[in-house]
$ cat run-v3.txt   # compact mmCIF, all heavy atoms
# COMPACT_ATOMS: atom_id res chain seq x y z
N MET A 1 5.38 -14.77 28.00
CA MET A 1 6.15 -13.59 27.75
C MET A 1 6.66 -13.58 26.31
O MET A 1 6.58 -12.54 25.64
CB MET A 1 7.30 -13.49 28.74
CG MET A 1 8.14 -12.28 28.53
SD MET A 1 9.12 -12.01 30.00
CE MET A 1 10.06 -10.64 29.48
N THR A 2 7.17 -14.70 25.83
CA THR A 2 7.66 -14.78 24.46
C THR A 2 6.52 -14.54 23.47
O THR A 2 6.71 -13.87 22.47
CB THR A 2 8.29 -16.17 24.20
OG1 THR A 2 9.32 -16.37 25.15
CG2 THR A 2 8.85 -16.25 22.80
N ARG A 3 5.35 -15.05 23.80
CA ARG A 3 4.18 -14.86 22.94
C ARG A 3 3.85 -13.38 22.82
O ARG A 3 3.55 -12.88 21.73
CB ARG A 3 3.00 -15.64 23.49
CG ARG A 3 1.79 -15.54 22.63
CD ARG A 3 0.67 -16.46 23.16
NE ARG A 3 -0.48 -16.35 22.31
CZ ARG A 3 -1.66 -15.90 22.71
NH1 ARG A 3 -1.83 -15.53 23.97
NH2 ARG A 3 -2.67 -15.83 21.88
N ALA A 4 3.88 -12.65 23.92
CA ALA A 4 3.57 -11.22 23.91
C ALA A 4 4.60 -10.44 23.09
O ALA A 4 4.25 -9.52 22.34
CB ALA A 4 3.51 -10.69 25.33
N ILE A 5 5.86 -10.82 23.21
CA ILE A 5 6.91 -10.13 22.45
C ILE A 5 6.73 -10.39 20.96
O ILE A 5 6.82 -9.46 20.15
CB ILE A 5 8.31 -10.60 22.92
CG1 ILE A 5 8.56 -10.11 24.35
CG2 ILE A 5 9.40 -10.11 21.99
CD1 ILE A 5 9.78 -10.72 25.00
N LEU A 6 6.47 -11.62 20.59
CA LEU A 6 6.27 -11.94 19.17
C LEU A 6 5.02 -11.26 18.62
O LEU A 6 5.01 -10.77 17.49
CB LEU A 6 6.18 -13.45 18.98
CG LEU A 6 7.49 -14.21 19.20
CD1 LEU A 6 7.24 -15.71 19.08
CD2 LEU A 6 8.53 -13.76 18.21
N LEU A 7 3.96 -11.22 19.41
CA LEU A 7 2.73 -10.58 18.98
C LEU A 7 2.93 -9.08 18.77
O LEU A 7 2.46 -8.50 17.78
CB LEU A 7 1.61 -10.83 19.99
CG LEU A 7 0.22 -10.36 19.59
CD1 LEU A 7 -0.21 -11.01 18.28
CD2 LEU A 7 -0.77 -10.72 20.69
N ALA A 8 3.68 -8.45 19.66
CA ALA A 8 3.99 -7.02 19.50
C ALA A 8 4.82 -6.79 18.25
O ALA A 8 4.59 -5.83 17.51
CB ALA A 8 4.72 -6.50 20.74
N ALA A 9 5.79 -7.66 18.00
CA ALA A 9 6.64 -7.52 16.82
C ALA A 9 5.84 -7.69 15.53
O ALA A 9 6.00 -6.93 14.57
CB ALA A 9 7.79 -8.52 16.88
N VAL A 10 4.96 -8.67 15.51
CA VAL A 10 4.13 -8.91 14.33
C VAL A 10 3.16 -7.75 14.10
O VAL A 10 2.98 -7.28 12.98
CB VAL A 10 3.37 -10.25 14.45
CG1 VAL A 10 2.30 -10.38 13.39
CG2 VAL A 10 4.35 -11.40 14.36
N THR A 11 2.56 -7.26 15.17
CA THR A 11 1.64 -6.13 15.06
C THR A 11 2.35 -4.89 14.54
O THR A 11 1.86 -4.19 13.65
CB THR A 11 0.98 -5.84 16.41
OG1 THR A 11 0.38 -7.04 16.91
CG2 THR A 11 -0.08 -4.78 16.30
N THR A 12 3.52 -4.61 15.10
CA THR A 12 4.30 -3.45 14.66
C THR A 12 4.73 -3.62 13.20
O THR A 12 4.65 -2.68 12.41
CB THR A 12 5.53 -3.25 15.55
OG1 THR A 12 5.10 -3.08 16.89
CG2 THR A 12 6.35 -2.05 15.12
N GLY A 13 5.17 -4.81 12.85
CA GLY A 13 5.58 -5.08 11.48
C GLY A 13 4.44 -4.90 10.49
O GLY A 13 4.62 -4.33 9.41
N ALA A 14 3.26 -5.36 10.85
CA ALA A 14 2.10 -5.20 9.97
C ALA A 14 1.74 -3.73 9.79
O ALA A 14 1.46 -3.27 8.68
CB ALA A 14 0.91 -5.97 10.53
N PHE A 15 1.77 -2.98 10.88
CA PHE A 15 1.47 -1.55 10.79
C PHE A 15 2.49 -0.85 9.89
O PHE A 15 2.12 -0.06 9.03
CB PHE A 15 1.48 -0.92 12.18
CG PHE A 15 1.18 0.56 12.16
CD1 PHE A 15 -0.12 1.00 12.24
CD2 PHE A 15 2.20 1.49 12.06
CE1 PHE A 15 -0.40 2.36 12.21
CE2 PHE A 15 1.93 2.84 12.04
CZ PHE A 15 0.62 3.28 12.11
N CYS A 16 3.76 -1.16 10.08
CA CYS A 16 4.81 -0.52 9.29
C CYS A 16 4.70 -0.91 7.82
O CYS A 16 4.98 -0.08 6.94
CB CYS A 16 6.19 -0.87 9.84
SG CYS A 16 6.52 -0.08 11.43
N ALA A 17 4.30 -2.14 7.53
CA ALA A 17 4.14 -2.57 6.14
C ALA A 17 3.03 -1.78 5.46
O ALA A 17 3.18 -1.32 4.32
CB ALA A 17 3.84 -4.06 6.08
N ILE A 18 1.93 -1.59 6.16
CA ILE A 18 0.82 -0.81 5.60
C ILE A 18 1.24 0.65 5.42
O ILE A 18 0.95 1.27 4.40
CB ILE A 18 -0.43 -0.93 6.51
CG1 ILE A 18 -0.96 -2.36 6.45
CG2 ILE A 18 -1.51 0.07 6.09
CD1 ILE A 18 -1.99 -2.67 7.52
N PHE A 19 1.94 1.18 6.41
CA PHE A 19 2.41 2.56 6.32
C PHE A 19 3.40 2.72 5.16
O PHE A 19 3.36 3.72 4.44
CB PHE A 19 3.06 2.97 7.64
CG PHE A 19 3.32 4.44 7.75
CD1 PHE A 19 2.32 5.29 8.17
CD2 PHE A 19 4.56 4.97 7.46
CE1 PHE A 19 2.54 6.65 8.28
CE2 PHE A 19 4.81 6.32 7.57
CZ PHE A 19 3.79 7.17 7.98
N ALA A 20 4.24 1.74 4.95
CA ALA A 20 5.22 1.81 3.86
C ALA A 20 4.53 1.83 2.50
O ALA A 20 4.99 2.52 1.58
CB ALA A 20 6.18 0.63 3.94
N VAL A 21 3.44 1.11 2.36
CA VAL A 21 2.69 1.13 1.10
C VAL A 21 2.13 2.53 0.85
O VAL A 21 2.17 3.03 -0.27
CB VAL A 21 1.56 0.08 1.13
CG1 VAL A 21 0.60 0.26 -0.03
CG2 VAL A 21 2.15 -1.32 1.11
N MET A 22 1.65 3.18 1.90
CA MET A 22 1.13 4.54 1.76
C MET A 22 2.26 5.51 1.40
O MET A 22 2.09 6.39 0.56
CB MET A 22 0.43 4.99 3.04
CG MET A 22 -0.84 4.22 3.33
SD MET A 22 -1.83 4.77 4.73
CE MET A 22 -0.68 5.40 5.90
N VAL A 23 3.43 5.36 2.04
CA VAL A 23 4.56 6.22 1.74
C VAL A 23 5.06 5.98 0.31
O VAL A 23 5.45 6.92 -0.39
CB VAL A 23 5.69 6.02 2.77
CG1 VAL A 23 6.97 6.71 2.32
CG2 VAL A 23 5.26 6.53 4.13
N ASP A 24 5.03 4.74 -0.12
CA ASP A 24 5.49 4.41 -1.47
C ASP A 24 4.68 5.16 -2.53
O ASP A 24 5.23 5.53 -3.57
CB ASP A 24 5.39 2.91 -1.70
CG ASP A 24 5.98 2.50 -3.04
OD1 ASP A 24 7.11 2.92 -3.33
OD2 ASP A 24 5.29 1.78 -3.78
N ALA A 25 3.43 5.39 -2.28
CA ALA A 25 2.60 6.12 -3.23
C ALA A 25 3.08 7.57 -3.39
O ALA A 25 2.92 8.16 -4.45
CB ALA A 25 1.15 6.10 -2.78
N ALA A 26 3.69 8.12 -2.35
CA ALA A 26 4.15 9.51 -2.39
C ALA A 26 5.66 9.63 -2.54
O ALA A 26 6.18 10.74 -2.58
CB ALA A 26 3.70 10.22 -1.13
N THR A 27 6.37 8.53 -2.66
CA THR A 27 7.83 8.54 -2.64
C THR A 27 8.45 9.33 -3.79
O THR A 27 9.50 9.95 -3.63
CB THR A 27 8.38 7.11 -2.66
OG1 THR A 27 7.92 6.44 -1.50
CG2 THR A 27 9.88 7.07 -2.64
N ASP A 28 7.84 9.33 -4.95
CA ASP A 28 8.43 10.02 -6.10
C ASP A 28 8.62 11.51 -5.83
O ASP A 28 9.52 12.12 -6.39
CB ASP A 28 7.54 9.85 -7.33
CG ASP A 28 7.52 8.41 -7.81
OD1 ASP A 28 8.48 7.68 -7.50
OD2 ASP A 28 6.55 8.03 -8.47
N ALA A 29 7.81 12.08 -4.95
CA ALA A 29 7.90 13.51 -4.68
C ALA A 29 8.71 13.82 -3.42
O ALA A 29 8.84 14.98 -3.06
CB ALA A 29 6.49 14.08 -4.53
N LEU A 30 9.26 12.81 -2.76
CA LEU A 30 9.95 13.02 -1.49
C LEU A 30 11.47 12.93 -1.65
O LEU A 30 11.97 12.14 -2.45
CB LEU A 30 9.50 11.99 -0.46
CG LEU A 30 8.03 12.00 -0.07
CD1 LEU A 30 7.74 10.88 0.91
CD2 LEU A 30 7.62 13.32 0.50
N SER A 31 12.19 13.71 -0.83
CA SER A 31 13.65 13.61 -0.78
C SER A 31 14.03 12.47 0.18
O SER A 31 13.19 11.94 0.89
CB SER A 31 14.25 14.92 -0.30
OG SER A 31 14.00 15.10 1.08
N ILE A 32 15.31 12.14 0.22
CA ILE A 32 15.78 11.06 1.09
C ILE A 32 15.52 11.38 2.56
O ILE A 32 15.22 10.50 3.35
CB ILE A 32 17.27 10.73 0.81
CG1 ILE A 32 17.68 9.46 1.54
CG2 ILE A 32 18.15 11.89 1.22
CD1 ILE A 32 17.05 8.22 1.03
N TRP A 33 15.64 12.65 2.93
CA TRP A 33 15.40 13.02 4.33
C TRP A 33 13.92 12.88 4.69
O TRP A 33 13.60 12.47 5.80
CB TRP A 33 15.87 14.45 4.59
CG TRP A 33 17.36 14.55 4.45
CD1 TRP A 33 18.04 15.16 3.45
CD2 TRP A 33 18.34 13.98 5.33
NE1 TRP A 33 19.39 15.01 3.64
CE2 TRP A 33 19.61 14.28 4.79
CE3 TRP A 33 18.27 13.24 6.49
CZ2 TRP A 33 20.78 13.87 5.40
CZ3 TRP A 33 19.45 12.83 7.10
CH2 TRP A 33 20.69 13.14 6.55
N GLN A 34 13.05 13.18 3.77
CA GLN A 34 11.63 13.03 4.03
C GLN A 34 11.25 11.55 4.16
O GLN A 34 10.43 11.19 4.99
CB GLN A 34 10.82 13.70 2.93
CG GLN A 34 10.91 15.21 2.96
CD GLN A 34 10.32 15.86 1.74
OE1 GLN A 34 10.47 15.36 0.63
NE2 GLN A 34 9.66 16.99 1.94
N VAL A 35 11.89 10.71 3.35
CA VAL A 35 11.64 9.27 3.46
C VAL A 35 12.17 8.75 4.79
O VAL A 35 11.53 7.92 5.44
CB VAL A 35 12.27 8.51 2.27
CG1 VAL A 35 12.19 7.01 2.47
CG2 VAL A 35 11.61 8.92 0.97
N ALA A 36 13.34 9.25 5.23
CA ALA A 36 13.89 8.85 6.53
C ALA A 36 12.96 9.25 7.68
O ALA A 36 12.73 8.48 8.61
CB ALA A 36 15.27 9.45 6.74
N VAL A 37 12.42 10.45 7.60
CA VAL A 37 11.48 10.91 8.63
C VAL A 37 10.21 10.06 8.59
O VAL A 37 9.66 9.69 9.64
CB VAL A 37 11.15 12.41 8.45
CG1 VAL A 37 9.99 12.83 9.32
CG2 VAL A 37 12.38 13.25 8.76
N ALA A 38 9.75 9.71 7.40
CA ALA A 38 8.57 8.86 7.29
C ALA A 38 8.83 7.49 7.91
O ALA A 38 7.96 6.91 8.58
CB ALA A 38 8.17 8.70 5.83
N GLY A 39 10.04 6.96 7.74
CA GLY A 39 10.39 5.68 8.38
C GLY A 39 10.42 5.80 9.89
O GLY A 39 9.96 4.90 10.60
N LEU A 40 10.95 6.91 10.39
CA LEU A 40 10.97 7.14 11.84
C LEU A 40 9.55 7.22 12.38
O LEU A 40 9.22 6.59 13.39
CB LEU A 40 11.72 8.43 12.14
CG LEU A 40 11.77 8.85 13.60
CD1 LEU A 40 12.66 7.91 14.39
CD2 LEU A 40 12.25 10.28 13.73
N VAL A 41 8.70 7.97 11.70
CA VAL A 41 7.30 8.09 12.13
C VAL A 41 6.61 6.73 12.07
O VAL A 41 5.84 6.38 12.96
CB VAL A 41 6.57 9.13 11.25
CG1 VAL A 41 5.07 9.11 11.49
CG2 VAL A 41 7.12 10.52 11.52
N SER A 42 6.91 5.96 11.04
CA SER A 42 6.31 4.63 10.90
C SER A 42 6.67 3.74 12.08
O SER A 42 5.81 3.07 12.64
CB SER A 42 6.77 3.99 9.59
OG SER A 42 6.30 2.67 9.49
N GLY A 43 7.94 3.70 12.43
CA GLY A 43 8.36 2.87 13.56
C GLY A 43 7.74 3.33 14.87
O GLY A 43 7.27 2.52 15.66
N PHE A 44 7.72 4.64 15.08
CA PHE A 44 7.14 5.18 16.31
C PHE A 44 5.65 4.87 16.40
O PHE A 44 5.16 4.36 17.42
CB PHE A 44 7.36 6.70 16.37
CG PHE A 44 6.71 7.35 17.55
CD1 PHE A 44 7.29 7.28 18.79
CD2 PHE A 44 5.50 8.01 17.41
CE1 PHE A 44 6.69 7.88 19.89
CE2 PHE A 44 4.89 8.61 18.49
CZ PHE A 44 5.48 8.54 19.74
N LEU A 45 4.92 5.16 15.33
CA LEU A 45 3.48 4.92 15.35
C LEU A 45 3.15 3.43 15.39
O LEU A 45 2.18 3.02 16.03
CB LEU A 45 2.81 5.57 14.12
CG LEU A 45 2.81 7.09 14.11
CD1 LEU A 45 2.19 7.59 12.81
CD2 LEU A 45 2.08 7.65 15.31
N GLY A 46 3.97 2.62 14.74
CA GLY A 46 3.76 1.17 14.78
C GLY A 46 3.92 0.63 16.18
O GLY A 46 3.13 -0.19 16.65
N SER A 47 4.94 1.09 16.88
CA SER A 47 5.15 0.66 18.26
C SER A 47 4.03 1.14 19.16
O SER A 47 3.53 0.39 20.00
CB SER A 47 6.50 1.20 18.75
OG SER A 47 6.72 0.83 20.08
N LEU A 48 3.62 2.38 18.98
CA LEU A 48 2.53 2.93 19.78
C LEU A 48 1.23 2.17 19.50
O LEU A 48 0.49 1.81 20.43
CB LEU A 48 2.36 4.41 19.45
CG LEU A 48 1.33 5.18 20.25
CD1 LEU A 48 1.71 5.20 21.73
CD2 LEU A 48 1.21 6.60 19.72
N PHE A 49 0.97 1.89 18.23
CA PHE A 49 -0.22 1.14 17.84
C PHE A 49 -0.23 -0.25 18.46
O PHE A 49 -1.25 -0.68 19.02
CB PHE A 49 -0.27 1.04 16.31
CG PHE A 49 -1.41 0.22 15.78
CD1 PHE A 49 -2.69 0.71 15.76
CD2 PHE A 49 -1.17 -1.05 15.29
CE1 PHE A 49 -3.73 -0.04 15.26
CE2 PHE A 49 -2.20 -1.82 14.79
CZ PHE A 49 -3.49 -1.32 14.77
N ALA A 50 0.89 -0.94 18.40
CA ALA A 50 0.98 -2.28 18.98
C ALA A 50 0.76 -2.24 20.49
O ALA A 50 0.05 -3.09 21.04
CB ALA A 50 2.33 -2.91 18.66
N SER A 51 1.33 -1.25 21.14
CA SER A 51 1.15 -1.13 22.59
C SER A 51 -0.30 -0.89 22.96
O SER A 51 -0.82 -1.50 23.89
CB SER A 51 2.00 0.03 23.14
OG SER A 51 3.36 -0.26 22.97
N LEU A 52 -0.96 -0.02 22.22
CA LEU A 52 -2.36 0.28 22.51
C LEU A 52 -3.26 -0.92 22.24
O LEU A 52 -4.17 -1.23 23.02
CB LEU A 52 -2.83 1.49 21.69
CG LEU A 52 -2.22 2.82 22.10
CD1 LEU A 52 -2.63 3.90 21.11
CD2 LEU A 52 -2.62 3.19 23.50
N VAL A 53 -3.03 -1.61 21.13
CA VAL A 53 -3.85 -2.77 20.78
C VAL A 53 -3.66 -3.89 21.80
O VAL A 53 -4.62 -4.50 22.26
CB VAL A 53 -3.52 -3.26 19.36
CG1 VAL A 53 -4.13 -4.63 19.09
CG2 VAL A 53 -4.02 -2.25 18.33
N LEU A 54 -2.41 -4.15 22.16
CA LEU A 54 -2.14 -5.25 23.09
C LEU A 54 -2.60 -4.90 24.50
O LEU A 54 -3.02 -5.78 25.25
CB LEU A 54 -0.66 -5.60 23.08
CG LEU A 54 -0.17 -6.17 21.76
CD1 LEU A 54 1.32 -6.41 21.81
CD2 LEU A 54 -0.90 -7.45 21.43
N ARG A 55 -2.56 -3.65 24.90
CA ARG A 55 -3.01 -3.25 26.23
C ARG A 55 -4.53 -3.46 26.35
O ARG A 55 -5.02 -3.87 27.38
CB ARG A 55 -2.68 -1.79 26.50
CG ARG A 55 -3.02 -1.37 27.90
CD ARG A 55 -2.55 0.01 28.22
NE ARG A 55 -1.10 0.09 28.02
CZ ARG A 55 -0.46 1.18 27.63
NH1 ARG A 55 -1.12 2.29 27.42
NH2 ARG A 55 0.83 1.17 27.48
N ARG A 56 -5.27 -3.17 25.30
CA ARG A 56 -6.72 -3.33 25.33
C ARG A 56 -7.12 -4.79 25.38
O ARG A 56 -8.16 -5.12 25.91
CB ARG A 56 -7.35 -2.65 24.12
CG ARG A 56 -7.26 -1.17 24.21
CD ARG A 56 -7.99 -0.50 23.09
NE ARG A 56 -7.84 0.94 23.20
CZ ARG A 56 -8.20 1.80 22.29
NH1 ARG A 56 -8.76 1.37 21.18
NH2 ARG A 56 -8.03 3.09 22.47
N ARG A 57 -6.31 -5.67 24.80
CA ARG A 57 -6.62 -7.10 24.81
C ARG A 57 -6.40 -7.72 26.18
O ARG A 57 -7.05 -8.67 26.54
CB ARG A 57 -5.77 -7.83 23.78
CG ARG A 57 -6.20 -7.52 22.37
CD ARG A 57 -5.50 -8.39 21.37
NE ARG A 57 -5.81 -9.77 21.66
CZ ARG A 57 -4.98 -10.78 21.47
NH1 ARG A 57 -3.79 -10.55 20.98
NH2 ARG A 57 -5.32 -12.02 21.73
N ASP A 58 -5.43 -7.21 26.94
CA ASP A 58 -5.09 -7.81 28.23
C ASP A 58 -6.02 -7.45 29.31
O ASP A 58 -6.84 -6.93 29.61
CB ASP A 58 -3.69 -7.40 28.66
CG ASP A 58 -2.64 -8.04 27.76
OD1 ASP A 58 -2.96 -9.03 27.10
OD2 ASP A 58 -1.52 -7.53 27.73
$ encode --input "run-v3.txt" --output "structure tokens"
Amino acid sequence: MTRAILLAAVTTGAFCAIFAVMVDAATDALSIWQVAVAGLVSGFLGSLFASLVLRRRD
């Protein structure tokens, strides 16, 4: 169980890190609210991505 939790956290973190690099490229043109929404989307999609990837492995 601990392994699955850590794997989900690492997968989500990796997805969010990649997403943050993409957002950083566009950050100069974004307001603080747009960056906040991008962070929300990143967390949501990262969690969804980790769930889908881990479900297929099991």
$ residues_around --input "run-v3.txt" --residues "Val35 of chain A" --least-positions-apart "4" --cutoff "12 Å" --atoms "only C-alpha atoms" --output "PyMOL selection string"
chain A and resi 19-20+22-31+39-42
$ write_last_selection --input "run-v3.txt" --atoms "all heavy atoms" --output "mmCIF file, in the frame of the given file"
data_model
loop_
_atom_site.group_PDB
_atom_site.id
_atom_site.type_symbol
_atom_site.label_atom_id
_atom_site.label_comp_id
_atom_site.auth_asym_id
_atom_site.auth_seq_id
_atom_site.Cartn_x
_atom_site.Cartn_y
_atom_site.Cartn_z
ATOM 1 N N PHE A 19 1.940 1.180 6.410
ATOM 2 C CA PHE A 19 2.410 2.560 6.320
ATOM 3 C C PHE A 19 3.400 2.720 5.160
ATOM 4 O O PHE A 19 3.360 3.720 4.440
ATOM 5 C CB PHE A 19 3.060 2.970 7.640
ATOM 6 C CG PHE A 19 3.320 4.440 7.750
ATOM 7 C CD1 PHE A 19 2.320 5.290 8.170
ATOM 8 C CD2 PHE A 19 4.560 4.970 7.460
ATOM 9 C CE1 PHE A 19 2.540 6.650 8.280
ATOM 10 C CE2 PHE A 19 4.810 6.320 7.570
ATOM 11 C CZ PHE A 19 3.790 7.170 7.980
ATOM 12 N N ALA A 20 4.240 1.740 4.950
ATOM 13 C CA ALA A 20 5.220 1.810 3.860
ATOM 14 C C ALA A 20 4.530 1.830 2.500
ATOM 15 O O ALA A 20 4.990 2.520 1.580
ATOM 16 C CB ALA A 20 6.180 0.630 3.940
ATOM 17 N N MET A 22 1.650 3.180 1.900
ATOM 18 C CA MET A 22 1.130 4.540 1.760
ATOM 19 C C MET A 22 2.260 5.510 1.400
ATOM 20 O O MET A 22 2.090 6.390 0.560
ATOM 21 C CB MET A 22 0.430 4.990 3.040
ATOM 22 C CG MET A 22 -0.840 4.220 3.330
ATOM 23 S SD MET A 22 -1.830 4.770 4.730
ATOM 24 C CE MET A 22 -0.680 5.400 5.900
ATOM 25 N N VAL A 23 3.430 5.360 2.040
ATOM 26 C CA VAL A 23 4.560 6.220 1.740
ATOM 27 C C VAL A 23 5.060 5.980 0.310
ATOM 28 O O VAL A 23 5.450 6.920 -0.390
ATOM 29 C CB VAL A 23 5.690 6.020 2.770
ATOM 30 C CG1 VAL A 23 6.970 6.710 2.320
ATOM 31 C CG2 VAL A 23 5.260 6.530 4.130
ATOM 32 N N ASP A 24 5.030 4.740 -0.120
ATOM 33 C CA ASP A 24 5.490 4.410 -1.470
ATOM 34 C C ASP A 24 4.680 5.160 -2.530
ATOM 35 O O ASP A 24 5.230 5.530 -3.570
ATOM 36 C CB ASP A 24 5.390 2.910 -1.700
ATOM 37 C CG ASP A 24 5.980 2.500 -3.040
ATOM 38 O OD1 ASP A 24 7.110 2.920 -3.330
ATOM 39 O OD2 ASP A 24 5.290 1.780 -3.780
ATOM 40 N N ALA A 25 3.430 5.390 -2.280
ATOM 41 C CA ALA A 25 2.600 6.120 -3.230
ATOM 42 C C ALA A 25 3.080 7.570 -3.390
ATOM 43 O O ALA A 25 2.920 8.160 -4.450
ATOM 44 C CB ALA A 25 1.150 6.100 -2.780
ATOM 45 N N ALA A 26 3.690 8.120 -2.350
ATOM 46 C CA ALA A 26 4.150 9.510 -2.390
ATOM 47 C C ALA A 26 5.660 9.630 -2.540
ATOM 48 O O ALA A 26 6.180 10.740 -2.580
ATOM 49 C CB ALA A 26 3.700 10.220 -1.130
ATOM 50 N N THR A 27 6.370 8.530 -2.660
ATOM 51 C CA THR A 27 7.830 8.540 -2.640
ATOM 52 C C THR A 27 8.450 9.330 -3.790
ATOM 53 O O THR A 27 9.500 9.950 -3.630
ATOM 54 C CB THR A 27 8.380 7.110 -2.660
ATOM 55 O OG1 THR A 27 7.920 6.440 -1.500
ATOM 56 C CG2 THR A 27 9.880 7.070 -2.640
ATOM 57 N N ASP A 28 7.840 9.330 -4.950
ATOM 58 C CA ASP A 28 8.430 10.020 -6.100
ATOM 59 C C ASP A 28 8.620 11.510 -5.830
ATOM 60 O O ASP A 28 9.520 12.120 -6.390
ATOM 61 C CB ASP A 28 7.540 9.850 -7.330
ATOM 62 C CG ASP A 28 7.520 8.410 -7.810
ATOM 63 O OD1 ASP A 28 8.480 7.680 -7.500
ATOM 64 O OD2 ASP A 28 6.550 8.030 -8.470
ATOM 65 N N ALA A 29 7.810 12.080 -4.950
ATOM 66 C CA ALA A 29 7.900 13.510 -4.680
ATOM 67 C C ALA A 29 8.710 13.820 -3.420
ATOM 68 O O ALA A 29 8.840 14.980 -3.060
ATOM 69 C CB ALA A 29 6.490 14.080 -4.530
ATOM 70 N N LEU A 30 9.260 12.810 -2.760
ATOM 71 C CA LEU A 30 9.950 13.020 -1.490
ATOM 72 C C LEU A 30 11.470 12.930 -1.650
ATOM 73 O O LEU A 30 11.970 12.140 -2.450
ATOM 74 C CB LEU A 30 9.500 11.990 -0.460
ATOM 75 C CG LEU A 30 8.030 12.000 -0.070
ATOM 76 C CD1 LEU A 30 7.740 10.880 0.910
ATOM 77 C CD2 LEU A 30 7.620 13.320 0.500
ATOM 78 N N SER A 31 12.190 13.710 -0.830
ATOM 79 C CA SER A 31 13.650 13.610 -0.780
ATOM 80 C C SER A 31 14.030 12.470 0.180
ATOM 81 O O SER A 31 13.190 11.940 0.890
ATOM 82 C CB SER A 31 14.250 14.920 -0.300
ATOM 83 O OG SER A 31 14.000 15.100 1.080
ATOM 84 N N GLY A 39 10.040 6.960 7.740
ATOM 85 C CA GLY A 39 10.390 5.680 8.380
ATOM 86 C C GLY A 39 10.420 5.800 9.890
ATOM 87 O O GLY A 39 9.960 4.900 10.600
ATOM 88 N N LEU A 40 10.950 6.910 10.390
ATOM 89 C CA LEU A 40 10.970 7.140 11.840
ATOM 90 C C LEU A 40 9.550 7.220 12.380
ATOM 91 O O LEU A 40 9.220 6.590 13.390
ATOM 92 C CB LEU A 40 11.720 8.430 12.140
ATOM 93 C CG LEU A 40 11.770 8.850 13.600
ATOM 94 C CD1 LEU A 40 12.660 7.910 14.390
ATOM 95 C CD2 LEU A 40 12.250 10.280 13.730
ATOM 96 N N VAL A 41 8.700 7.970 11.700
ATOM 97 C CA VAL A 41 7.300 8.090 12.130
ATOM 98 C C VAL A 41 6.610 6.730 12.070
ATOM 99 O O VAL A 41 5.840 6.380 12.960
ATOM 100 C CB VAL A 41 6.570 9.130 11.250
ATOM 101 C CG1 VAL A 41 5.070 9.110 11.490
ATOM 102 C CG2 VAL A 41 7.120 10.520 11.520
ATOM 103 N N SER A 42 6.910 5.960 11.040
ATOM 104 C CA SER A 42 6.310 4.630 10.900
ATOM 105 C C SER A 42 6.670 3.740 12.080
ATOM 106 O O SER A 42 5.810 3.070 12.640
ATOM 107 C CB SER A 42 6.770 3.990 9.590
ATOM 108 O OG SER A 42 6.300 2.670 9.490
#
$ atom_distance --input "run-v3.txt" --atom1 "atom N of Val21 of chain A" --atom2 "atom CZ of Phe49 of chain A"
14.4 Å
$ atom_distance --input "run-v3.txt" --atom1 "atom CA of Gly43 of chain A" --atom2 "atom CA of Thr12 of chain A"
7.6 Å
$ atom_distance --input "run-v3.txt" --atom1 "atom CA of Ala50 of chain A" --atom2 "atom CA of Trp33 of chain A"
25.6 Å
$ decode --input "run-v3.txt" --residues "segment 21-40 of chain A" --atoms "C-alpha atoms" --output "CSV table (one decimal), in the first residue's frame"
chain,number,residue,atom,x,y,z
A,21,VAL,CA,8.0,23.7,-17.6
A,22,MET,CA,5.4,24.2,-20.4
A,23,VAL,CA,3.6,26.9,-18.4
A,24,ASP,CA,6.9,28.6,-17.6
A,25,ALA,CA,7.4,29.2,-21.4
A,26,ALA,CA,4.1,31.1,-21.5
A,27,THR,CA,4.3,32.8,-18.0
A,28,ASP,CA,5.4,36.2,-19.2
A,29,ALA,CA,2.1,36.7,-20.9
A,30,LEU,CA,-0.1,35.4,-18.1
A,31,SER,CA,-1.7,37.1,-15.1
A,32,ILE,CA,-1.5,35.7,-11.6
A,33,TRP,CA,-5.0,34.3,-11.9
A,34,GLN,CA,-4.1,32.5,-15.1
A,35,VAL,CA,-1.0,31.0,-13.5
A,36,ALA,CA,-3.2,29.9,-10.5
A,37,VAL,CA,-5.7,28.2,-12.9
A,38,ALA,CA,-2.8,26.6,-14.7
A,39,GLY,CA,-1.5,25.2,-11.3
A,40,LEU,CA,-5.0,23.9,-10.6
